[in-house]
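A.B. asks: Before anything else, here's the structure in question.
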Amino acid sequence: MKKGFTLIELLVVISIIAVLSALVLNNLRETRARTRDVKRVSDLLEVQKALELYRAHNGRYPASPKSNPYGLTCWECNLFDEDANFYDPAKLAALTPYLNPRPTDPLAPAAGRFVNGNNLDFHGYWYKVDPAGSDYKFVLVGSLENINNIPANLRDPNFGAGFGVNIDAMAVYSSERSKTWTSSNPPTITPW
């Protein structure tokens, strides 16, 4: 008598392997996304430390390297691409002695900037400072993969609201009043 597997037995084994591999791949995807979000949190906190070191040495936070009414600059963003008043390719160069290299989002394109479409204009790192350099807000917008991976005290539901955009963001800031800044309220007006 020949021993072997029936077609049904083979199909059952193949289906079990397929289900197990789907579970493993899904778990791997979630783990990678969580790891990227953890890197984003770590990068944001490193920038916060660099900003505080800059202030300790200079008596104020760095001025925005771009001149605009919002006291706002960004990198990896594509907002107002034709308007060089926001995009800072030097990535807040004033922090070089305290932070080098600058953080880069794990999903940033090779070109170094997100592209237009689907609110990708807002993706990237944003720095906002009041004219006196006494308060700042530093935000990572749009590239978070799961807001639940971000500690609640770092979540920022307000930043894109100024332009009527609701996208996930996380922020560090120097004071409770700078916490409420959005992308469109200049720090010289509300809430000031």
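Letters A, B, ... mark the chains of the structure tokens in the order given; residue numbers begin at 1 per chain; ligand numbers begin at 1, in order shown.
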Leaving out range 145-157 of chain A and any residue of its chain fewer than 3 positions from it, which residues lie within 12 Å of it when counting only C-alpha atoms, given as a PyMOL selection string?
C.D. replies: chain A and resi 29-42+44-45+48+105-107+137-142+160-162+164-173+178-183
A.B. asks: Any chance you could export the current selection's N, CA and C atoms as a compact mmCIF listing (two decimals), in the first residue's frame?
C.D. replies:
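The new file selection05.txt reads:
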# COMPACT_ATOMS: atom_id res chain seq x y z
N ARG A 29 4.31 44.58 8.87
CA ARG A 29 3.98 45.91 8.37
C ARG A 29 3.65 46.86 9.53
N GLU A 30 2.86 46.39 10.48
CA GLU A 30 2.50 47.21 11.64
C GLU A 30 3.73 47.55 12.48
N THR A 31 4.63 46.59 12.63
CA THR A 31 5.84 46.80 13.40
C THR A 31 6.74 47.83 12.72
N ARG A 32 6.86 47.75 11.41
CA ARG A 32 7.67 48.73 10.68
C ARG A 32 7.07 50.12 10.81
N ALA A 33 5.76 50.23 10.68
CA ALA A 33 5.10 51.54 10.81
C ALA A 33 5.30 52.10 12.22
N ARG A 34 5.17 51.25 13.22
CA ARG A 34 5.37 51.68 14.61
C ARG A 34 6.82 52.14 14.82
N THR A 35 7.76 51.43 14.23
CA THR A 35 9.18 51.80 14.34
C THR A 35 9.44 53.16 13.70
N ARG A 36 8.84 53.40 12.53
CA ARG A 36 9.01 54.71 11.88
C ARG A 36 8.40 55.82 12.73
N ASP A 37 7.24 55.57 13.34
CA ASP A 37 6.63 56.58 14.21
C ASP A 37 7.48 56.84 15.46
N VAL A 38 8.09 55.80 16.00
CA VAL A 38 8.98 55.97 17.15
C VAL A 38 10.18 56.83 16.76
N LYS A 39 10.72 56.60 15.56
CA LYS A 39 11.84 57.43 15.08
C LYS A 39 11.39 58.89 14.95
N ARG A 40 10.18 59.11 14.46
CA ARG A 40 9.68 60.48 14.33
C ARG A 40 9.57 61.17 15.69
N VAL A 41 9.08 60.45 16.68
CA VAL A 41 8.98 61.01 18.03
C VAL A 41 10.38 61.35 18.54
N SER A 42 11.32 60.43 18.38
CA SER A 42 12.68 60.65 18.83
C SER A 42 13.30 61.86 18.14
N LEU A 44 11.74 64.43 16.83
CA LEU A 44 11.08 65.65 17.31
C LEU A 44 11.66 66.08 18.66
N LEU A 45 11.88 65.14 19.53
CA LEU A 45 12.44 65.45 20.85
C LEU A 45 13.90 65.91 20.75
N GLN A 48 13.74 69.50 19.80
CA GLN A 48 13.37 70.28 20.98
C GLN A 48 14.61 70.53 21.85
N ASP A 105 12.22 62.61 7.60
CA ASP A 105 11.12 61.66 7.74
C ASP A 105 11.47 60.36 7.02
N PRO A 106 11.20 59.20 7.63
CA PRO A 106 11.54 57.93 7.00
C PRO A 106 10.85 57.70 5.65
N LEU A 107 9.75 58.39 5.41
CA LEU A 107 9.04 58.21 4.14
C LEU A 107 9.24 59.37 3.18
N LYS A 137 7.11 76.83 18.21
CA LYS A 137 6.38 75.57 18.06
C LYS A 137 7.07 74.83 16.92
N PHE A 138 7.39 73.57 17.15
CA PHE A 138 8.02 72.73 16.12
C PHE A 138 7.11 71.54 15.89
N VAL A 139 6.72 71.33 14.64
CA VAL A 139 5.68 70.36 14.32
C VAL A 139 6.14 69.42 13.21
N LEU A 140 5.80 68.16 13.34
CA LEU A 140 5.93 67.21 12.24
C LEU A 140 4.52 66.92 11.77
N VAL A 141 4.26 67.21 10.51
CA VAL A 141 2.90 67.16 9.98
C VAL A 141 2.77 66.07 8.92
N GLY A 142 1.68 65.33 9.02
CA GLY A 142 1.18 64.53 7.92
C GLY A 142 1.76 63.17 7.65
N GLY A 160 -2.80 72.14 11.12
CA GLY A 160 -3.34 72.35 9.77
C GLY A 160 -4.70 73.00 9.75
N ALA A 161 -5.33 73.14 10.92
CA ALA A 161 -6.68 73.69 10.99
C ALA A 161 -6.75 75.12 10.47
N GLY A 162 -5.66 75.85 10.58
CA GLY A 162 -5.65 77.22 10.11
C GLY A 162 -5.94 77.35 8.63
N GLY A 164 -7.79 74.98 7.10
CA GLY A 164 -8.93 74.10 6.88
C GLY A 164 -8.54 72.67 6.55
N VAL A 165 -7.38 72.24 7.01
CA VAL A 165 -6.88 70.90 6.73
C VAL A 165 -6.81 70.13 8.04
N ASN A 166 -7.32 68.92 8.04
CA ASN A 166 -7.29 68.09 9.24
C ASN A 166 -6.39 66.90 8.96
N ILE A 167 -5.13 67.00 9.36
CA ILE A 167 -4.19 65.91 9.17
C ILE A 167 -3.44 65.69 10.48
N ASP A 168 -2.97 64.48 10.67
CA ASP A 168 -2.26 64.13 11.90
C ASP A 168 -0.94 64.88 12.00
N ALA A 169 -0.67 65.39 13.18
CA ALA A 169 0.57 66.10 13.44
C ALA A 169 0.97 65.89 14.88
N MET A 170 2.27 66.05 15.15
CA MET A 170 2.75 66.05 16.53
C MET A 170 3.67 67.24 16.69
N ALA A 171 3.71 67.79 17.90
CA ALA A 171 4.44 69.04 18.11
C ALA A 171 5.10 69.09 19.47
N VAL A 172 6.17 69.88 19.53
CA VAL A 172 6.77 70.32 20.78
C VAL A 172 6.73 71.85 20.73
N TYR A 173 6.69 72.46 21.89
CA TYR A 173 6.51 73.91 21.93
C TYR A 173 7.12 74.44 23.22
N SER A 178 2.08 79.07 22.81
CA SER A 178 2.53 78.63 21.49
C SER A 178 1.94 77.27 21.12
N LYS A 179 1.47 76.53 22.09
CA LYS A 179 0.83 75.25 21.84
C LYS A 179 -0.39 75.42 20.94
N THR A 180 -1.10 76.54 21.07
CA THR A 180 -2.34 76.73 20.31
C THR A 180 -2.11 77.32 18.93
N TRP A 181 -0.88 77.63 18.55
CA TRP A 181 -0.63 78.17 17.22
C TRP A 181 -1.08 77.19 16.16
N THR A 182 -1.62 77.71 15.08
CA THR A 182 -1.94 76.91 13.89
C THR A 182 -0.98 77.32 12.79
N SER A 183 -1.15 76.73 11.62
CA SER A 183 -0.27 77.07 10.50
C SER A 183 -0.55 78.46 9.96
A.B. asks: I need the residues of range 2-131 of chain A that end up classed as helix (DSSP H, G or I) by DSSP on the backbone, written out as a ChimeraX atom specification.
C.D. replies: /A:7-58,93-95,120-122
A.B. asks: Between CA of Ser143 in chain A and CA of Lys49 in chain A, what distance in Å does the model show, to one decimal?
C.D. replies: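 The value is 21.6 Å.
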A.B. asks: List as a list in words the protein and nucleic acid residues near range 99-102 of chain A, meaning an atom at most 12 Å away when only C-alpha atoms are counted, but skip any in the same chain fewer than 5 places from it.
C.D. replies: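 Contacts, in chain order: Arg40, Asp43, Leu44, Leu45, Glu46, Val47, Gln48, Lys49, Ala50, Leu51, Glu52, Leu53, Tyr54, Trp75, Glu76, Pro89, Ala90, Lys91, Leu92, Ala93, Ala94, Gly112 and Tyr125 of chain A.
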A.B. asks: Output C-alpha atoms for every residue in the selection just made, as a short mmCIF file (atom, residue, chain, number, x, y, z; two decimals), in the first residue's frame.
C.D. replies:
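So result-v8.cif came out as:
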data_model
loop_
_atom_site.label_atom_id
_atom_site.label_comp_id
_atom_site.auth_asym_id
_atom_site.auth_seq_id
_atom_site.Cartn_x
_atom_site.Cartn_y
_atom_site.Cartn_z
CA ARG A 40 9.68 60.48 14.33
CA ASP A 43 13.64 63.12 16.08
CA LEU A 44 11.08 65.65 17.31
CA LEU A 45 12.44 65.45 20.85
CA GLU A 46 16.02 65.85 19.55
CA VAL A 47 15.02 69.06 17.77
CA GLN A 48 13.37 70.28 20.98
CA LYS A 49 16.64 69.68 22.86
CA ALA A 50 18.60 71.50 20.15
CA LEU A 51 16.22 74.47 20.34
CA GLU A 52 16.64 74.65 24.11
CA LEU A 53 20.45 74.46 23.79
CA TYR A 54 20.35 77.25 21.20
CA TRP A 75 11.55 71.53 5.37
CA GLU A 76 10.50 68.42 3.45
CA PRO A 89 16.45 73.83 2.28
CA ALA A 90 19.04 74.50 5.02
CA LYS A 91 16.69 72.92 7.59
CA LEU A 92 17.05 75.64 10.22
CA ALA A 93 20.82 75.87 9.85
CA ALA A 94 21.11 77.86 13.10
CA GLY A 112 13.90 65.48 -0.03
CA TYR A 125 8.84 69.60 9.61
#
A.B. asks: Among range 3-180 of chain A, which residues does DSSP mark as strand (DSSP E or B) when it is run on the backbone? Keep the chain and numbering as in the structure and answer as a PyMOL selection string.
C.D. replies: chain A and resi 72-75+87+124-129+136-141+155+169-173
A.B. asks: Could you write out that same residue set with C-alpha atoms as a CSV table (one decimal), in the first residue's frame?
C.D. replies:
chain,number,residue,atom,x,y,z
A,72,LEU,CA,6.9,80.0,9.8
A,73,THR,CA,9.4,77.9,8.0
A,74,CYS,CA,9.4,74.3,6.9
A,75,TRP,CA,11.5,71.5,5.4
A,87,TYR,CA,10.7,76.4,2.3
A,124,GLY,CA,7.2,67.8,6.7
A,125,TYR,CA,8.8,69.6,9.6
A,126,TRP,CA,7.5,73.1,10.5
A,127,TYR,CA,9.1,75.7,12.7
A,128,LYS,CA,7.2,78.7,14.0
A,129,VAL,CA,8.7,81.4,16.2
A,136,TYR,CA,8.4,78.5,19.4
A,137,LYS,CA,6.4,75.6,18.1
A,138,PHE,CA,8.0,72.7,16.1
A,139,VAL,CA,5.7,70.4,14.3
A,140,LEU,CA,5.9,67.2,12.2
A,141,VAL,CA,2.9,67.2,10.0
A,155,ARG,CA,-0.3,65.1,19.4
A,169,ALA,CA,0.6,66.1,13.4
A,170,MET,CA,2.7,66.1,16.5
A,171,ALA,CA,4.4,69.0,18.1
A,172,VAL,CA,6.8,70.3,20.8
A,173,TYR,CA,6.5,73.9,21.9
A.B. asks: Counting only C-alpha atoms, which of A:Ser174, A:Pro62, A:Cys77, A:Leu10 gets nearest to Thr96 in chain A?
C.D. replies: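 Checking each candidate against Thr96 in chain A, we get A:Pro62 as the closest.
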A.B. asks: One decimal, Å: what's the distance from CA of Lys66 in chain A over to CA of His123 in chain A, could you say?
C.D. replies: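 CA of His123 in chain A lies 18.1 Å from CA of Lys66 in chain A.
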A.B. asks: Looking at only C-alpha atoms, which of A:Leu95, A:Leu11, A:Leu20, A:Ala63 is the one that sits closest to Ala132 in chain A?
C.D. replies: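 Closest to Ala132 in chain A of all the choices is A:Ala63.
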A.B. asks: Can you work out which one of A:Asp135, A:Arg177, A:Asn185, A:Phe114 has the shortest atom-to-atom distance to Tyr61 in chain A, counting only C-alpha atoms?
C.D. replies: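 That would be A:Asp135, the residue with the smallest distance to Tyr61 in chain A.
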